[in-house]
$ cat my_file.txt   # compact mmCIF, C-alpha atoms
# COMPACT_ATOMS: atom_id res chain seq x y z
CA MET A 1159 0.00 0.00 0.00
CA ASP A 1160 1.44 3.37 -0.96
CA ALA A 1161 -0.32 6.69 -0.73
CA GLN A 1162 0.65 10.33 -0.54
CA VAL A 1163 -0.20 11.93 2.79
CA THR A 1164 -2.81 14.63 2.40
CA GLU A 1165 -2.23 17.84 4.34
CA VAL A 1166 -5.20 18.60 6.58
CA PRO A 1167 -5.76 21.23 9.30
CA ASP A 1168 -4.76 20.17 12.82
CA LYS A 1169 -8.36 20.33 14.06
CA VAL A 1170 -9.54 17.98 11.31
CA GLU A 1171 -6.65 15.63 12.06
CA ASP A 1172 -7.55 15.61 15.76
CA ILE A 1173 -11.14 14.71 14.90
CA GLU A 1174 -9.95 11.89 12.64
CA ILE A 1175 -7.72 10.54 15.40
CA ARG A 1176 -10.49 10.59 17.99
CA LEU A 1177 -12.83 8.81 15.57
CA LEU A 1178 -10.14 6.21 14.87
CA LEU A 1179 -9.61 5.59 18.60
CA GLU A 1180 -13.36 5.28 19.11
CA ALA A 1181 -13.54 2.79 16.23
CA LEU A 1182 -10.75 0.69 17.75
CA PHE A 1183 -12.65 0.55 21.01
CA LEU A 1184 -16.07 -0.25 19.50
CA ARG A 1185 -14.75 -2.82 17.03
CA TYR A 1186 -11.94 -4.54 18.96
CA HIS A 1187 -12.26 -3.30 22.58
CA TYR A 1188 -8.78 -1.77 22.60
CA ASP A 1189 -9.19 1.49 24.46
CA PHE A 1190 -6.61 4.20 23.69
CA ARG A 1191 -9.09 7.06 24.05
CA ASN A 1192 -7.53 8.46 27.22
CA TYR A 1193 -3.91 7.94 26.34
CA ALA A 1194 -1.79 11.09 26.28
CA MET A 1195 -2.77 12.71 22.97
CA ALA A 1196 0.68 13.99 22.05
CA SER A 1197 2.12 10.49 22.30
CA ILE A 1198 -0.78 8.85 20.46
CA LYS A 1199 -0.64 11.42 17.66
CA ARG A 1200 3.08 10.88 17.18
CA ARG A 1201 2.70 7.09 16.98
CA LEU A 1202 -0.31 7.27 14.65
CA ARG A 1203 1.55 9.58 12.30
CA GLN A 1204 4.33 7.01 12.13
CA ALA A 1205 1.79 4.29 11.44
CA ARG A 1206 0.08 6.35 8.74
CA GLU A 1207 3.36 6.95 6.97
CA GLN A 1208 4.77 3.44 7.22
CA LEU A 1209 1.50 1.64 6.46
CA GLY A 1210 0.91 3.88 3.46
CA PHE A 1211 -2.33 5.71 4.28
CA SER A 1212 -3.08 9.21 3.07
CA THR A 1213 -5.35 10.07 6.04
CA PHE A 1214 -6.36 8.71 9.42
CA SER A 1215 -9.86 8.28 8.02
CA ALA A 1216 -8.50 5.88 5.42
CA MET A 1217 -6.66 4.03 8.18
CA GLN A 1218 -9.89 3.80 10.17
CA GLU A 1219 -11.81 2.32 7.27
CA SER A 1220 -9.09 -0.26 6.69
CA VAL A 1221 -8.78 -1.37 10.31
CA LEU A 1222 -12.58 -1.61 10.68
CA ARG A 1223 -12.98 -3.82 7.63
CA ASP A 1224 -9.76 -5.84 7.80
CA PRO A 1225 -8.95 -7.47 11.18
CA ASP A 1226 -5.50 -8.37 9.86
CA MET A 1227 -4.68 -4.66 9.93
CA LEU A 1228 -5.17 -4.51 13.71
CA PRO A 1229 -1.90 -6.19 14.82
CA GLN A 1230 0.01 -4.01 12.36
CA LEU A 1231 -1.48 -0.89 13.91
CA LEU A 1232 -0.97 -2.12 17.48
CA ARG A 1233 2.76 -2.37 16.86
CA PHE A 1234 2.79 1.40 16.61
CA MET A 1235 0.23 2.06 19.35
CA THR A 1236 2.05 0.19 22.11
CA VAL A 1237 5.56 1.20 23.09
CA GLN A 1238 8.02 -1.70 23.12
CA VAL A 1239 11.27 -0.24 24.39
CA SER A 1240 13.02 -2.01 27.23
CA GLU A 1241 16.24 -3.64 28.36
CA MET A 1242 17.21 -6.16 31.01
CA PHE A 1243 17.86 -4.60 34.43
CA ARG A 1244 16.98 -1.18 33.03
CA ASP A 1245 17.78 1.47 35.65
CA PRO A 1246 20.04 -0.86 37.68
CA SER A 1247 19.55 1.15 40.86
CA TYR A 1248 15.87 0.18 40.81
CA PHE A 1249 16.75 -3.51 40.82
CA ARG A 1250 19.43 -2.96 43.45
CA ALA A 1251 16.79 -1.33 45.66
CA LEU A 1252 14.46 -4.29 45.12
CA ARG A 1253 17.29 -6.67 46.00
CA GLU A 1254 18.50 -4.83 49.08
CA ARG A 1255 15.31 -3.24 50.46
CA VAL A 1256 12.28 -5.19 49.19
CA VAL A 1257 13.54 -8.77 48.98
CA PRO A 1258 14.19 -9.04 52.76
CA HIS A 1259 10.47 -8.39 53.31
CA LEU A 1260 9.43 -10.81 50.57
CA LYS A 1261 11.52 -13.56 52.12
CA THR A 1262 9.12 -13.62 55.08
CA TYR A 1263 6.30 -15.01 52.88
CA PRO A 1264 5.93 -18.75 52.18
CA SER A 1265 4.67 -18.04 48.65
CA LEU A 1266 4.77 -14.98 46.42
CA ARG A 1267 3.01 -13.47 43.43
CA VAL A 1268 4.65 -10.89 41.20
CA TRP A 1269 2.93 -8.99 38.40
CA VAL A 1270 4.92 -7.33 35.62
CA ALA A 1271 2.24 -5.09 34.10
CA GLY A 1272 2.98 -3.90 30.58
CA CYS A 1273 5.76 -6.47 30.27
CA SER A 1274 6.52 -5.50 26.66
CA THR A 1275 8.98 -7.97 25.13
CA GLY A 1276 9.93 -9.51 28.46
CA GLU A 1277 13.21 -7.91 29.47
CA GLU A 1278 11.90 -6.65 32.83
CA LEU A 1279 10.20 -9.94 33.56
CA TYR A 1280 13.36 -11.96 33.04
CA SER A 1281 15.35 -9.44 35.09
CA LEU A 1282 13.03 -10.06 38.02
CA VAL A 1283 13.07 -13.83 37.60
CA ILE A 1284 16.89 -13.83 37.57
CA LEU A 1285 16.98 -11.56 40.62
CA PHE A 1286 14.53 -13.83 42.46
CA ARG A 1287 16.58 -16.91 41.50
CA GLU A 1288 19.76 -15.29 42.81
CA GLU A 1289 17.97 -14.43 46.06
CA GLY A 1290 16.47 -17.90 46.51
CA LEU A 1291 12.87 -16.78 45.94
CA GLU A 1292 12.09 -18.10 42.47
CA ASP A 1293 10.75 -21.51 43.48
CA ARG A 1294 8.12 -19.98 45.76
CA THR A 1295 7.07 -17.27 43.29
CA LEU A 1296 4.47 -17.18 40.54
CA PHE A 1297 5.11 -14.43 37.98
CA TYR A 1298 2.36 -12.85 35.89
CA ALA A 1299 3.55 -11.08 32.73
CA THR A 1300 0.88 -9.07 30.92
CA ASP A 1301 0.61 -6.77 27.92
CA ILE A 1302 -2.00 -5.81 25.32
CA ASN A 1303 0.38 -6.41 22.41
CA HIS A 1304 0.23 -10.03 21.19
CA ASP A 1305 3.47 -9.76 19.23
CA ALA A 1306 5.29 -8.43 22.28
CA LEU A 1307 3.96 -11.28 24.42
CA GLU A 1308 5.14 -13.82 21.85
CA THR A 1309 8.60 -12.28 21.92
CA ALA A 1310 8.56 -12.38 25.71
CA GLN A 1311 7.53 -16.03 25.73
CA ALA A 1312 10.30 -16.92 23.29
CA GLY A 1313 12.95 -15.19 25.39
CA ILE A 1314 15.28 -14.58 22.44
CA TYR A 1315 17.12 -11.29 21.99
CA ALA A 1316 19.70 -9.86 19.64
CA LEU A 1317 23.18 -10.76 20.79
CA ASP A 1318 24.45 -7.21 20.39
CA ARG A 1319 22.14 -6.16 23.25
CA ILE A 1320 23.78 -8.52 25.73
CA PRO A 1321 26.75 -6.30 26.73
CA LEU A 1322 24.32 -3.62 27.98
CA PHE A 1323 22.19 -6.24 29.73
CA THR A 1324 25.33 -7.65 31.36
CA GLN A 1325 26.49 -4.25 32.56
CA ASN A 1326 23.05 -3.46 33.98
CA HIS A 1327 22.93 -6.82 35.76
CA ARG A 1328 26.32 -6.20 37.36
CA LEU A 1329 25.34 -2.69 38.49
CA SER A 1330 22.09 -4.03 39.96
CA GLY A 1331 24.08 -6.17 42.39
CA GLY A 1332 23.87 -9.41 40.43
CA LYS A 1333 25.28 -12.38 42.32
CA SER A 1334 26.14 -14.47 39.26
CA SER A 1335 27.16 -13.97 35.67
CA LEU A 1336 24.37 -13.12 33.24
CA SER A 1337 25.98 -15.58 30.82
CA ASP A 1338 24.76 -18.34 33.14
CA PHE A 1339 21.22 -17.61 31.96
CA TYR A 1340 21.49 -17.69 28.17
CA GLN A 1341 23.04 -19.50 25.21
CA ALA A 1342 24.41 -17.57 22.24
CA ALA A 1343 24.14 -18.74 18.63
CA TYR A 1344 23.62 -17.18 15.19
CA GLY A 1345 23.65 -13.62 16.50
CA ARG A 1346 20.97 -14.27 19.10
CA ALA A 1347 20.87 -14.93 22.83
CA SER A 1348 18.32 -17.52 23.92
CA LEU A 1349 17.41 -17.30 27.60
CA ASP A 1350 17.33 -20.46 29.70
CA LYS A 1351 13.87 -22.00 29.34
CA THR A 1352 13.74 -22.73 33.07
CA LEU A 1353 13.36 -18.98 33.65
CA ARG A 1354 9.81 -19.39 32.35
CA LYS A 1355 8.80 -22.34 34.52
CA ASN A 1356 6.88 -20.17 36.99
CA VAL A 1357 5.64 -17.53 34.54
CA LEU A 1358 2.11 -17.02 33.24
CA PHE A 1359 1.89 -14.80 30.15
CA SER A 1360 -1.46 -13.13 29.54
CA ASP A 1361 -3.16 -10.50 27.39
CA HIS A 1362 -4.33 -7.85 29.84
CA SER A 1363 -5.29 -4.19 29.52
CA LEU A 1364 -4.77 -1.74 32.36
CA VAL A 1365 -7.53 0.32 30.75
CA THR A 1366 -10.38 -2.20 30.56
CA ASP A 1367 -9.50 -5.39 32.46
CA SER A 1368 -9.90 -6.34 36.11
CA VAL A 1369 -7.54 -6.99 39.01
CA PHE A 1370 -5.09 -9.73 39.81
CA ALA A 1371 -5.59 -10.64 43.45
CA GLU A 1372 -3.04 -10.77 46.27
CA MET A 1373 0.14 -9.66 44.53
CA HIS A 1374 3.18 -9.05 46.69
CA LEU A 1375 4.99 -6.98 44.08
CA VAL A 1376 3.68 -5.10 41.06
CA SER A 1377 6.27 -3.65 38.71
CA CYS A 1378 4.86 -1.32 36.06
CA ARG A 1379 7.51 1.04 34.78
CA ASN A 1380 7.37 3.54 31.96
CA VAL A 1381 3.76 2.72 31.10
CA LEU A 1382 1.76 5.31 33.01
CA ILE A 1383 3.61 8.17 31.31
CA TYR A 1384 1.61 7.36 28.17
CA PHE A 1385 -1.75 7.67 30.00
CA ASP A 1386 -3.69 10.81 30.84
CA LYS A 1387 -4.54 11.41 34.50
CA THR A 1388 -7.87 9.56 34.29
CA LEU A 1389 -6.19 6.40 33.05
CA GLN A 1390 -3.29 6.78 35.47
CA ASP A 1391 -5.74 6.86 38.37
CA ARG A 1392 -7.59 3.88 36.96
CA ALA A 1393 -4.38 1.84 36.65
CA LEU A 1394 -3.15 2.83 40.10
CA GLU A 1395 -6.49 1.84 41.62
CA LEU A 1396 -6.12 -1.51 39.85
CA PHE A 1397 -2.67 -1.97 41.39
CA GLU A 1398 -3.94 -1.01 44.84
CA GLN A 1399 -6.75 -3.56 44.61
CA SER A 1400 -4.37 -6.22 43.30
CA LEU A 1401 -1.75 -5.81 46.00
CA ALA A 1402 -1.74 -7.67 49.28
CA ARG A 1403 -1.51 -5.51 52.37
CA ARG A 1404 2.03 -4.19 52.71
CA GLY A 1405 2.67 -5.25 49.10
CA PHE A 1406 5.06 -3.24 46.91
CA LEU A 1407 4.56 -1.18 43.77
CA GLY A 1408 7.41 -0.12 41.49
CA LEU A 1409 6.93 2.66 38.95
CA GLY A 1410 9.16 4.28 36.34
CA SER A 1411 11.59 7.08 37.08
CA LYS A 1412 9.27 9.71 35.54
CA GLU A 1413 6.12 8.42 37.23
CA THR A 1414 4.70 9.17 40.65
CA LEU A 1415 1.80 8.51 42.98
CA ARG A 1416 2.02 11.99 44.45
CA PHE A 1417 -0.90 13.56 42.58
CA SER A 1418 -2.97 10.40 42.25
CA SER A 1419 -6.32 9.89 43.95
CA ASN A 1420 -4.77 6.68 45.34
CA ALA A 1421 -1.77 8.36 46.93
CA SER A 1422 -3.11 7.98 50.48
CA SER A 1423 -3.18 4.20 50.07
CA PHE A 1424 0.60 4.00 49.70
CA THR A 1425 3.70 5.15 51.51
CA ASP A 1426 7.09 5.90 50.03
CA PHE A 1427 9.35 2.90 50.57
CA VAL A 1428 12.36 3.77 48.41
CA ARG A 1429 11.44 7.28 47.29
CA GLU A 1430 14.32 7.85 44.89
CA GLU A 1431 13.51 4.64 42.99
CA LYS A 1432 9.72 5.15 42.96
CA ILE A 1433 9.04 2.06 45.03
CA TYR A 1434 5.92 2.30 47.18
CA GLN A 1435 4.30 0.11 49.80
CA ARG A 1436 0.58 -0.38 50.15
CA SER A 1437 -0.78 0.53 53.57
CA SER A 1438 -1.91 -2.19 55.95
CA GLU A 1439 -5.45 -0.83 56.21
$ encode --input "my_file.txt" --output "structure tokens"
Amino acid sequence: MDAQVTEVPDKVEDIEIRLLLEALFLRYHYDFRNYAMASIKRRLRQAREQLGFSTFSAMQESVLRDPDMLPQLLRFMTVQVSEMFRDPSYFRALRERVVPHLKTYPSLRVWVAGCSTGEELYSLVILFREEGLEDRTLFYATDINHDALETAQAGIYALDRIPLFTQNHRLSGGKSSLSDFYQAAYGRASLDKTLRKNVLFSDHSLVTDSVFAEMHLVSCRNVLIYFDKTLQDRALELFEQSLARRGFLGLGSKETLRFSSNASSFTDFVREEKIYQRSSE
């Protein structure tokens, strides 16, 4: 498909985008209507250009009539940028400050919300294995992007990314060598399949789906920045309801609970790393 983009006034473009988002919700129940508009507009413009549509209206007609167009569009709508042990100080704080509390539980549940292509999930599984917690932990890895979930389940990454992953792991306080957890061949690194033995992968939307009960740790980083305040509050309420009393919530470096309607339900645990603890009430 190849088409020349038609120049339209910004107001008309905004109307087209809102109609497209409404169509996605009504037809497929993917709800992007309250995502931050600047981010959505930027991603949709990329999709329009690369998928070869002249207008967002043409894109809407195509996605409504051709379900095969949906996964192509979702690749642009959902952000899939991550790395293993991203922000090593966050994982060091989990290891040194949160893990001692988690070790007091006979069994654990961890939810990686918006798991993308799996790098954060596997970072947590490795950390829990190093700390002797993996065997008593069930991990839930969720995302709305089917392609991303498939990549996460496969656990295969480009080999040229491994040096950064290795450096992050070391800085996070890793107690082993990251090379113990993967095999390299043909320019790819395949993670040890045993890292997935206690993992459940699931399609889940923070916008429309319900809670996971009795989690001891929820890690959802660099997701809420793409939501408007209404959706942020909705997601944070979901996390609050999903967490066990005194459970922990980890957010991204640019995210905060401070102005949320759920702020009173949490206390700062490691303030500089955006790790919070649910109150006992």
$ residues_near_point --input "my_file.txt" --point "(-4.3, -8.5, 28.7)" --cutoff "6 Å" --atoms "all atoms listed in the file" --output "ChimeraX atom specification"
/A:1300-1302,1360-1363
$ closest_residue --input "my_file.txt" --among "A:Phe1249, A:Tyr1186, A:Phe1323, A:Phe1397" --to "Met1227 of chain A" --atoms "all atoms listed in the file"
A:Tyr1186
$ closest_residue --input "my_file.txt" --among "A:Leu1394, A:Leu1285, A:Ala1316, A:Leu1336" --to "Arg1416 of chain A" --atoms "only C-alpha atoms"
A:Leu1394
$ residues_around --input "my_file.txt" --residues "segment 1309-1311 of chain A" --least-positions-apart "4" --cutoff "8 Å" --atoms "only C-alpha atoms" --output "PDB file with C-alpha atoms, keeping the file's coordinate frame"
ATOM      1  CA  CYS A1273       5.760  -6.470  30.270  1.00  0.00           C
ATOM      2  CA  SER A1274       6.520  -5.500  26.660  1.00  0.00           C
ATOM      3  CA  THR A1275       8.980  -7.970  25.130  1.00  0.00           C
ATOM      4  CA  GLY A1276       9.930  -9.510  28.460  1.00  0.00           C
ATOM      5  CA  GLU A1277      13.210  -7.910  29.470  1.00  0.00           C
ATOM      6  CA  ASP A1305       3.470  -9.760  19.230  1.00  0.00           C
ATOM      7  CA  ARG A1354       9.810 -19.390  32.350  1.00  0.00           C
ATOM      8  CA  PHE A1359       1.890 -14.800  30.150  1.00  0.00           C
TER       9      PHE A1359
END
$ atom_distance --input "my_file.txt" --atom1 "atom CA of Ser1419 of chain A" --atom2 "atom CA of Asp1391 of chain A"
6.4 Å
$ atom_distance --input "my_file.txt" --atom1 "atom CA of Met1217 of chain A" --atom2 "atom CA of Asp1386 of chain A"
23.8 Å
$ closest_residue --input "my_file.txt" --among "A:Gln1204, A:Ser1212, A:Ser1240, A:Gln1435" --to "Ala1306 of chain A" --atoms "all atoms listed in the file"
A:Ser1240
$ closest_residue --input "my_file.txt" --among "A:Ala1299, A:Ala1205, A:Met1235, A:Val1268" --to "Tyr1384 of chain A" --atoms "only C-alpha atoms"
A:Met1235
$ closest_residue --input "my_file.txt" --among "A:Gln1399, A:Thr1236, A:Ser1348, A:Gln1390" --to "Val1369 of chain A" --atoms "only C-alpha atoms"
A:Gln1399
$ residues_around --input "my_file.txt" --residues "Thr1366 of chain A" --least-positions-apart "5" --cutoff "9 Å" --atoms "only C-alpha atoms" --output "PyMOL selection string"
chain A and resi 1187-1189
$ atom_distance --input "my_file.txt" --atom1 "atom CA of Pro1225 of chain A" --atom2 "atom CA of Met1195 of chain A"
24.2 Å
$ closest_residue --input "my_file.txt" --among "A:Arg1319, A:Arg1287, A:Arg1328, A:Lys1432" --to "Leu1409 of chain A" --atoms "only C-alpha atoms"
A:Lys1432
$ axis_aligned_box --input "my_file.txt" --around "segment 1415-1427 of chain A" --padding-each-side "8 Å" --output "lines of an AutoDock Vina configuration file"
center_x = 1.5
center_y = 8.2
center_z = 46.9
size_x = 31.7
size_y = 26.7
size_z = 25.3
$ residues_around --input "my_file.txt" --residues "Leu1349 of chain A" --least-positions-apart "6" --cutoff "8 Å" --atoms "only C-alpha atoms" --output "list in words"
Gly1313, Ile1314, Phe1339, Tyr1340 and Gln1341 of chain A
$ residues_around --input "my_file.txt" --residues "Arg1191 of chain A" --least-positions-apart "4" --cutoff "10 Å" --atoms "all atoms listed in the file" --output "ChimeraX atom specification"
/A:1175-1183,1195,1198,1365,1385-1386,1389
